[in-house]
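K.L.:
Take this structure first; my questions come after.
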Amino acid sequence: MTDLKTSLGEAVGAAFAAEGVDKALARVTASDRPDLADFQSNGALAAAKALKANPRELAAKVAERLAADPRLSSVEVAGPGFINMKLSNAALAQRAAEVAADEELAGASRVEPRKVVIDYGGPNVAKPMHVGHLRSAIIGESLKRLFRLRGDHVTGDAHFGDWGFQMGLLITACGDEGLADAFMAQGDGPFPAETPVTLADLDRLYPLAAGKAKEDPAFRDRARKATAELQGGRPGYRALWSHFVAVSREALKREYDDLSVDFDLWNGESDADPLMDEMIADLKAKGLLVEDDGAQVVHVARDGETRKKKLADGSVIEAPSPPPLLVISSEGSAMYGTTDLATILDRKKSIGPDLILYVVDERQAEHFEQVFRAAYLAGYAPEKSLEHLGFGTMNGADGKPFKTRAGGVLKLRDLIDMATEKARERLHEAKLGDDLPAEEFEDIAHKVAVAALKFSDLSNNRTTSYVFDLDRFMSFEGKTGPYLLYQAVRVKSLLRKAAEQGVALAPIVIEEAAERDLALTLDAFDAATADAYDKRSPNLIAEHAYRLAQSFSKFYAACPILVAPDAATKGSRLALAAATLHQLETALRLLGIETPERM
């Protein structure tokens, strides 16, 4: 099933081609004057310029060819050569019936299936998640769902931060406090199966150890040694490290579950470690790994790509841009970029992806440019198969990244709890759910909180920053997640009442202006998903969901359903309402938002 904009585009393209014009110019868009037309094409202006012809005359010839199309009730030429097209009620009714019958949303699955890995989340061992982790989690989850809807085979990977210096810090701190004496011993063990640390221990120890490492060189050196021994395979340290990972992962999964975010893989940086020696040897064999001031790097800048670099003495020189990828430090340590490069190689071997998307803060753009270029040079990924999908920050009223009132970083757990409490308040204020059992009310409050957080984020283009305003996000009016949930619940209530009254679905008939508008909005879903997919932009799904809710609200007010004058009209309008609910819930699920049954 093809949406109306696409099928009309094909018809207009054929009409242009019949006039000797490149059909690629026959682009059809939704009309910017819906009072005059449903769709328009401005292609005659560009085509006439190329042909040195009169654009209005060319448009008139195209319009004449389109006049016989049974889907169109009118085709008119306006202004210097705009072609305005209005659909017949019968064509809209047929399309609305197709949308209503498309339970599997086959129309939205339009791509040749690819293997896609989406790397999002990026939580760290021993560090509680904070608001900075929110955008990666919910943007990545939405893209994962969208790519699956479009037909791709998608693997979501949390890319757990479980390796490196932070682990050495924790091991050293645990040893100093006597929390893990059994694991400090040399030898092969055995070591205790029960964890010696709790999440509270890790939460307390990591910032203390990180702070001490900055002030105490001896402690820092011991932590570096512990890191090297861990990565070298010391059994006691490996056993203790596995407990760090298990305790942290359990807590992280709870918070992700609260946000309806889940991963197919919980691979960490450590999973790439077994490939490190092989990869470094391969880079050397290919002549890519070179010595640079005691370190080993891969030069990724192409000929002529330079930037201004200021030296310590104040002088400015021309330097490669982007800078080389640091693979091995002068101290002999593998770096962050080394792990990312090895992870690409690991994914190549284990999954063989056609595309890898990295949903990571925009501030990491240069890092990923370096890693991607190194991966292409080494042959670990095909050109253009690696994409960094950067995003802006969630800011406070001062325009800076969101902080607590005390100026600290707000934990994600605290943010979720704060939003849930606000949802309870708003539900009580609106007298929604007061008569429901306490357990069901809590479930609704949680769904409202998640909808508020996710929609407020995903309704913005991912590349932009936005101001966090929980009072506004939690409103049941306006462009908010709670408003969309309320509209979905209203349709569910309507369908229950219709069932109680014995009102059955009937063939869709379009007669009223509000029915036309709703049918056109339903038709636009496929185009919205295609555009969001191509641009990697969930905000386009959010925009469609909001437009659909608005269109239904106008339809609901203008076209009575259960008190319509006859059974056919009741059934037709009820079918439109049911199609709206299915599509609205689908759009919300693509955003990672679940709807309650009632409020």
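By order in the structure tokens, chains are A, B, ...; within a chain, residues start at 1; ligands start at 1, following the order shown.
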If you run DSSP over the backbone, which residues in segment 43-231 of chain A end up strand (DSSP E)? Put them as a PyMOL selection string.
P.N.:
chain A and resi 72-78+82-87+115-119+153-157
K.L.:
Would you mind exporting the chosen residues as a CSV table (one decimal), in the first residue's frame, restricted to N, CA and C atoms?
P.N.:
```
chain,number,residue,atom,x,y,z
A,72,LEU,N,-8.7,12.5,-8.0
A,72,LEU,CA,-8.7,14.0,-7.8
A,72,LEU,C,-10.0,14.6,-8.1
A,73,SER,N,-10.5,15.4,-7.2
A,73,SER,CA,-11.8,16.1,-7.4
A,73,SER,C,-11.5,17.4,-8.1
A,74,SER,N,-10.3,17.9,-8.0
A,74,SER,CA,-10.0,19.1,-8.8
A,74,SER,C,-8.4,19.2,-8.9
A,75,VAL,N,-8.0,19.8,-10.1
A,75,VAL,CA,-6.6,20.1,-10.3
A,75,VAL,C,-6.6,21.6,-10.9
A,76,GLU,N,-5.9,22.4,-10.2
A,76,GLU,CA,-6.0,23.9,-10.6
A,76,GLU,C,-4.5,24.4,-10.6
A,77,VAL,N,-4.3,25.4,-11.5
A,77,VAL,CA,-3.1,26.1,-11.6
A,77,VAL,C,-3.2,27.4,-10.9
A,78,ALA,N,-2.3,27.7,-10.0
A,78,ALA,CA,-2.4,29.0,-9.3
A,78,ALA,C,-1.0,29.7,-9.4
A,82,PHE,N,1.9,27.1,-9.9
A,82,PHE,CA,1.7,26.0,-8.9
A,82,PHE,C,0.6,25.1,-9.3
A,83,ILE,N,0.7,23.9,-9.1
A,83,ILE,CA,-0.3,22.9,-9.4
A,83,ILE,C,-1.0,22.4,-8.1
A,84,ASN,N,-2.2,22.8,-7.9
A,84,ASN,CA,-2.9,22.5,-6.6
A,84,ASN,C,-3.9,21.3,-6.9
A,85,MET,N,-3.8,20.3,-6.0
A,85,MET,CA,-4.6,19.1,-6.2
A,85,MET,C,-5.4,18.8,-5.0
A,86,LYS,N,-6.7,18.5,-5.2
A,86,LYS,CA,-7.6,18.2,-4.1
A,86,LYS,C,-8.2,16.8,-4.4
A,87,LEU,N,-8.1,16.0,-3.3
A,87,LEU,CA,-8.5,14.6,-3.4
A,87,LEU,C,-10.0,14.5,-3.3
A,115,LYS,N,21.7,-5.4,8.3
A,115,LYS,CA,22.2,-5.6,9.7
A,115,LYS,C,22.7,-4.3,10.3
A,116,VAL,N,22.0,-3.8,11.3
A,116,VAL,CA,22.4,-2.5,11.9
A,116,VAL,C,22.7,-2.7,13.4
A,117,VAL,N,23.7,-2.1,13.8
A,117,VAL,CA,24.1,-2.0,15.2
A,117,VAL,C,23.9,-0.6,15.7
A,118,ILE,N,23.1,-0.4,16.8
A,118,ILE,CA,23.0,0.9,17.3
A,118,ILE,C,23.7,0.9,18.7
A,119,ASP,N,24.7,1.7,18.8
A,119,ASP,CA,25.5,1.8,20.1
A,119,ASP,C,24.9,3.0,20.8
A,153,HIS,N,17.3,-5.4,10.5
A,153,HIS,CA,17.6,-6.3,11.6
A,153,HIS,C,18.6,-5.6,12.5
A,154,VAL,N,18.1,-5.2,13.7
A,154,VAL,CA,18.8,-4.2,14.5
A,154,VAL,C,19.3,-4.9,15.8
A,155,THR,N,20.5,-4.6,16.2
A,155,THR,CA,21.1,-5.0,17.5
A,155,THR,C,21.4,-3.8,18.3
A,156,GLY,N,20.8,-3.6,19.4
A,156,GLY,CA,21.1,-2.5,20.3
A,156,GLY,C,22.1,-2.9,21.3
A,157,ASP,N,23.2,-2.1,21.4
A,157,ASP,CA,24.3,-2.5,22.3
A,157,ASP,C,24.5,-1.3,23.3
```
K.L.:
Please provide as a PyMOL selection string all residues within 10 Å of segment 504-516 of chain A, with the sequence filter that same-chain residues fewer than 6 positions apart are discarded (counting only C-alpha atoms).
P.N.:
chain A and resi 35+38+87-98+100+495+498+522+551-559+567-578
K.L.:
Just how far from atom CA of Thr529 of chain A is atom CA of His544 of chain A, in Å to one decimal?
P.N.:
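Spanning atom CA of His544 of chain A to atom CA of Thr529 of chain A is a straight-line distance of 9.0 Å.
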K.L.:
Please compute the atom CA of Ala334 of chain A-atom CA of Lys225 of chain A distance, one decimal, in Å.
P.N.:
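Atom CA of Lys225 of chain A lies at a distance of 13.8 Å from atom CA of Ala334 of chain A.
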K.L.:
With only C-alpha atoms as the atoms that count, which of A:Gly352, A:Leu179, A:Gln370, A:Gly287 lies nearest to Ala301 of chain A?
P.N.:
A:Gln370
K.L.:
Between segment 70-115 of chain A and segment 583-596 of chain A, at 10 Å or less, what are the per-residue closest atom pairs and their distances in Å? Count only C-alpha atoms, order by chain and rising residue number, and return it as a Markdown table.
P.N.:
```
| residue | atom | partner | partner_atom | distance |
| --- | --- | --- | --- | --- |
| A:Val99 | CA | A:Gln583 | CA | 8.7 |
| A:Ala100 | CA | A:Gln583 | CA | 8.8 |
| A:Asp102 | CA | A:Gln583 | CA | 9.8 |
| A:Glu103 | CA | A:Gln583 | CA | 9.0 |
| A:Leu105 | CA | A:Gln583 | CA | 8.7 |
```
K.L.:
Keeping only N, CA and C atoms, write those residues as a short mmCIF file (atom, residue, chain, number, x, y, z; two decimals), in the first residue's frame.
P.N.:
```
data_model
loop_
_atom_site.label_atom_id
_atom_site.label_comp_id
_atom_site.auth_asym_id
_atom_site.auth_seq_id
_atom_site.Cartn_x
_atom_site.Cartn_y
_atom_site.Cartn_z
N VAL A 99 -5.38 2.16 5.60
CA VAL A 99 -4.64 2.41 6.83
C VAL A 99 -5.25 1.63 7.99
N ALA A 100 -6.59 1.63 8.06
CA ALA A 100 -7.28 0.93 9.14
C ALA A 100 -7.03 -0.58 9.09
N ASP A 102 -4.34 -2.03 7.87
CA ASP A 102 -2.90 -2.33 7.89
C ASP A 102 -2.42 -2.51 9.33
N GLU A 103 -2.86 -3.58 9.98
CA GLU A 103 -2.52 -3.79 11.39
C GLU A 103 -1.03 -4.01 11.60
N LEU A 105 1.27 -2.65 9.81
CA LEU A 105 1.98 -1.46 9.31
C LEU A 105 2.99 -1.83 8.24
#
```
K.L.:
For segment 184-200 of chain A, find every residue with an atom within 9 Å (counting only C-alpha atoms), except residues of its own chain fewer than 2 positions away, and show them as a ChimeraX atom specification.
P.N.:
/A:126,128,171,174-175,179-182,202-205,234-237,239-240,242-244,246-248,251
K.L.:
May I have the residues within 7 Å of Gln487 of chain A as a VMD selection string, using only C-alpha atoms and disregarding those fewer than 4 positions away in the same chain?
P.N.:
chain A and resid 483 491 549
K.L.:
Using only C-alpha atoms, which protein or nucleic acid residues come within 10 Å of Arg220 of chain A? Drop anything in the same chain fewer than 2 positions from it, and give the result as a PDB file with N, CA and C atoms, in the first residue's frame.
P.N.:
```
ATOM      1  N   PHE A 165      41.151   2.741  33.543  1.00  0.00           N
ATOM      2  CA  PHE A 165      41.722   3.241  34.793  1.00  0.00           C
ATOM      3  C   PHE A 165      40.710   3.248  35.936  1.00  0.00           C
ATOM      4  N   GLY A 168      40.968   0.155  37.940  1.00  0.00           N
ATOM      5  CA  GLY A 168      42.133   0.137  38.819  1.00  0.00           C
ATOM      6  C   GLY A 168      41.913   0.975  40.065  1.00  0.00           C
ATOM      7  N   LEU A 169      41.236   2.108  39.907  1.00  0.00           N
ATOM      8  CA  LEU A 169      40.915   2.949  41.056  1.00  0.00           C
ATOM      9  C   LEU A 169      40.059   2.191  42.068  1.00  0.00           C
ATOM     10  N   THR A 172      41.990  -0.704  43.872  1.00  0.00           N
ATOM     11  CA  THR A 172      42.905  -0.162  44.873  1.00  0.00           C
ATOM     12  C   THR A 172      42.152   0.346  46.096  1.00  0.00           C
ATOM     13  N   ALA A 209      38.010   7.624  45.290  1.00  0.00           N
ATOM     14  CA  ALA A 209      39.250   7.156  44.665  1.00  0.00           C
ATOM     15  C   ALA A 209      39.697   8.094  43.555  1.00  0.00           C
ATOM     16  N   ALA A 210      38.738   8.582  42.766  1.00  0.00           N
ATOM     17  CA  ALA A 210      39.081   9.497  41.680  1.00  0.00           C
ATOM     18  C   ALA A 210      39.680  10.785  42.232  1.00  0.00           C
ATOM     19  N   GLY A 211      39.099  11.277  43.328  1.00  0.00           N
ATOM     20  CA  GLY A 211      39.627  12.493  43.951  1.00  0.00           C
ATOM     21  C   GLY A 211      41.006  12.269  44.541  1.00  0.00           C
ATOM     22  N   LYS A 212      41.210  11.108  45.180  1.00  0.00           N
ATOM     23  CA  LYS A 212      42.502  10.813  45.802  1.00  0.00           C
ATOM     24  C   LYS A 212      43.597  10.672  44.756  1.00  0.00           C
ATOM     25  N   ALA A 213      43.241  10.110  43.581  1.00  0.00           N
ATOM     26  CA  ALA A 213      44.230   9.927  42.524  1.00  0.00           C
ATOM     27  C   ALA A 213      44.764  11.256  42.010  1.00  0.00           C
ATOM     28  N   LYS A 214      43.945  12.294  42.086  1.00  0.00           N
ATOM     29  CA  LYS A 214      44.379  13.618  41.639  1.00  0.00           C
ATOM     30  C   LYS A 214      45.343  14.263  42.626  1.00  0.00           C
ATOM     31  N   GLU A 215      45.191  13.906  43.900  1.00  0.00           N
ATOM     32  CA  GLU A 215      45.984  14.563  44.952  1.00  0.00           C
ATOM     33  C   GLU A 215      47.180  13.738  45.410  1.00  0.00           C
ATOM     34  N   ASP A 216      47.111  12.401  45.231  1.00  0.00           N
ATOM     35  CA  ASP A 216      48.116  11.507  45.790  1.00  0.00           C
ATOM     36  C   ASP A 216      48.783  10.700  44.673  1.00  0.00           C
ATOM     37  N   PRO A 217      49.978  11.122  44.216  1.00  0.00           N
ATOM     38  CA  PRO A 217      50.653  10.412  43.114  1.00  0.00           C
ATOM     39  C   PRO A 217      50.901   8.944  43.415  1.00  0.00           C
ATOM     40  N   ALA A 218      51.195   8.613  44.670  1.00  0.00           N
ATOM     41  CA  ALA A 218      51.470   7.220  45.020  1.00  0.00           C
ATOM     42  C   ALA A 218      50.223   6.363  44.829  1.00  0.00           C
ATOM     43  N   ARG A 222      49.613   3.285  42.120  1.00  0.00           N
ATOM     44  CA  ARG A 222      49.127   1.946  42.494  1.00  0.00           C
ATOM     45  C   ARG A 222      47.873   1.580  41.698  1.00  0.00           C
ATOM     46  N   ALA A 223      47.024   2.584  41.447  1.00  0.00           N
ATOM     47  CA  ALA A 223      45.809   2.327  40.667  1.00  0.00           C
ATOM     48  C   ALA A 223      46.154   1.997  39.215  1.00  0.00           C
ATOM     49  N   ARG A 224      47.176   2.674  38.693  1.00  0.00           N
ATOM     50  CA  ARG A 224      47.615   2.371  37.326  1.00  0.00           C
ATOM     51  C   ARG A 224      48.184   0.959  37.239  1.00  0.00           C
ATOM     52  N   LYS A 225      48.936   0.577  38.265  1.00  0.00           N
ATOM     53  CA  LYS A 225      49.487  -0.768  38.287  1.00  0.00           C
ATOM     54  C   LYS A 225      48.368  -1.801  38.373  1.00  0.00           C
ATOM     55  N   ALA A 226      47.369  -1.519  39.201  1.00  0.00           N
ATOM     56  CA  ALA A 226      46.227  -2.444  39.328  1.00  0.00           C
ATOM     57  C   ALA A 226      45.487  -2.568  37.995  1.00  0.00           C
TER      58      ALA A 226
END
```
K.L.:
Please report the interatomic distance between atom CA of Gly151 of chain A and atom CA of Ala24 of chain A in Å with one decimal.
P.N.:
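Calculated distance between atom CA of Gly151 of chain A and atom CA of Ala24 of chain A is 26.0 Å.
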K.L.:
If you count only C-alpha atoms, which residues fall within 9 Å of Ala14 of chain A, apart from same-chain ones fewer than 4 positions away, as a list in words?
P.N.:
Gly9, Glu10, Ala18, Glu19, Lys23 and Ala26 of chain A
K.L.:
So, counting only C-alpha atoms, which residue among A:Ala528, A:Leu289, A:Leu345, A:Val62 is closest to Ala272 of chain A?
P.N.:
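Answer, going by the shortest atom-to-atom distance: A:Leu345.
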K.L.:
Rank A:Glu177, A:Leu355, A:Phe441, A:Ser329 by their smallest atom-to-atom distance to Pro113 of chain A, using only C-alpha atoms, and report the top residue only.
P.N.:
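For Pro113 of chain A, the nearest of the given residues is A:Leu355.
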K.L.:
Which is closer to Ile541 of chain A than all the others in A:Ala11, A:Ala579, A:Leu143, A:Ala17, using only C-alpha atoms?
P.N.:
A:Leu143
K.L.:
Considering only C-alpha atoms, can you say which of A:Phe160, A:Phe16, A:Phe263, A:Phe525 comes closest to Thr339 of chain A?
P.N.:
A:Phe160
K.L.:
Looking at A:Ala527, A:Ala564, A:Ala488, A:Phe391, which one is nearest to Thr2 of chain A, with distances taken over only C-alpha atoms?
P.N.:
A:Ala527
K.L.:
Got a sec to tell me which of segment 33-140 of chain A DSSP assigns to alpha helix (DSSP H), as number ranges by chain?
P.N.:
A: 43-51, 55-66, 89-101, 134-140
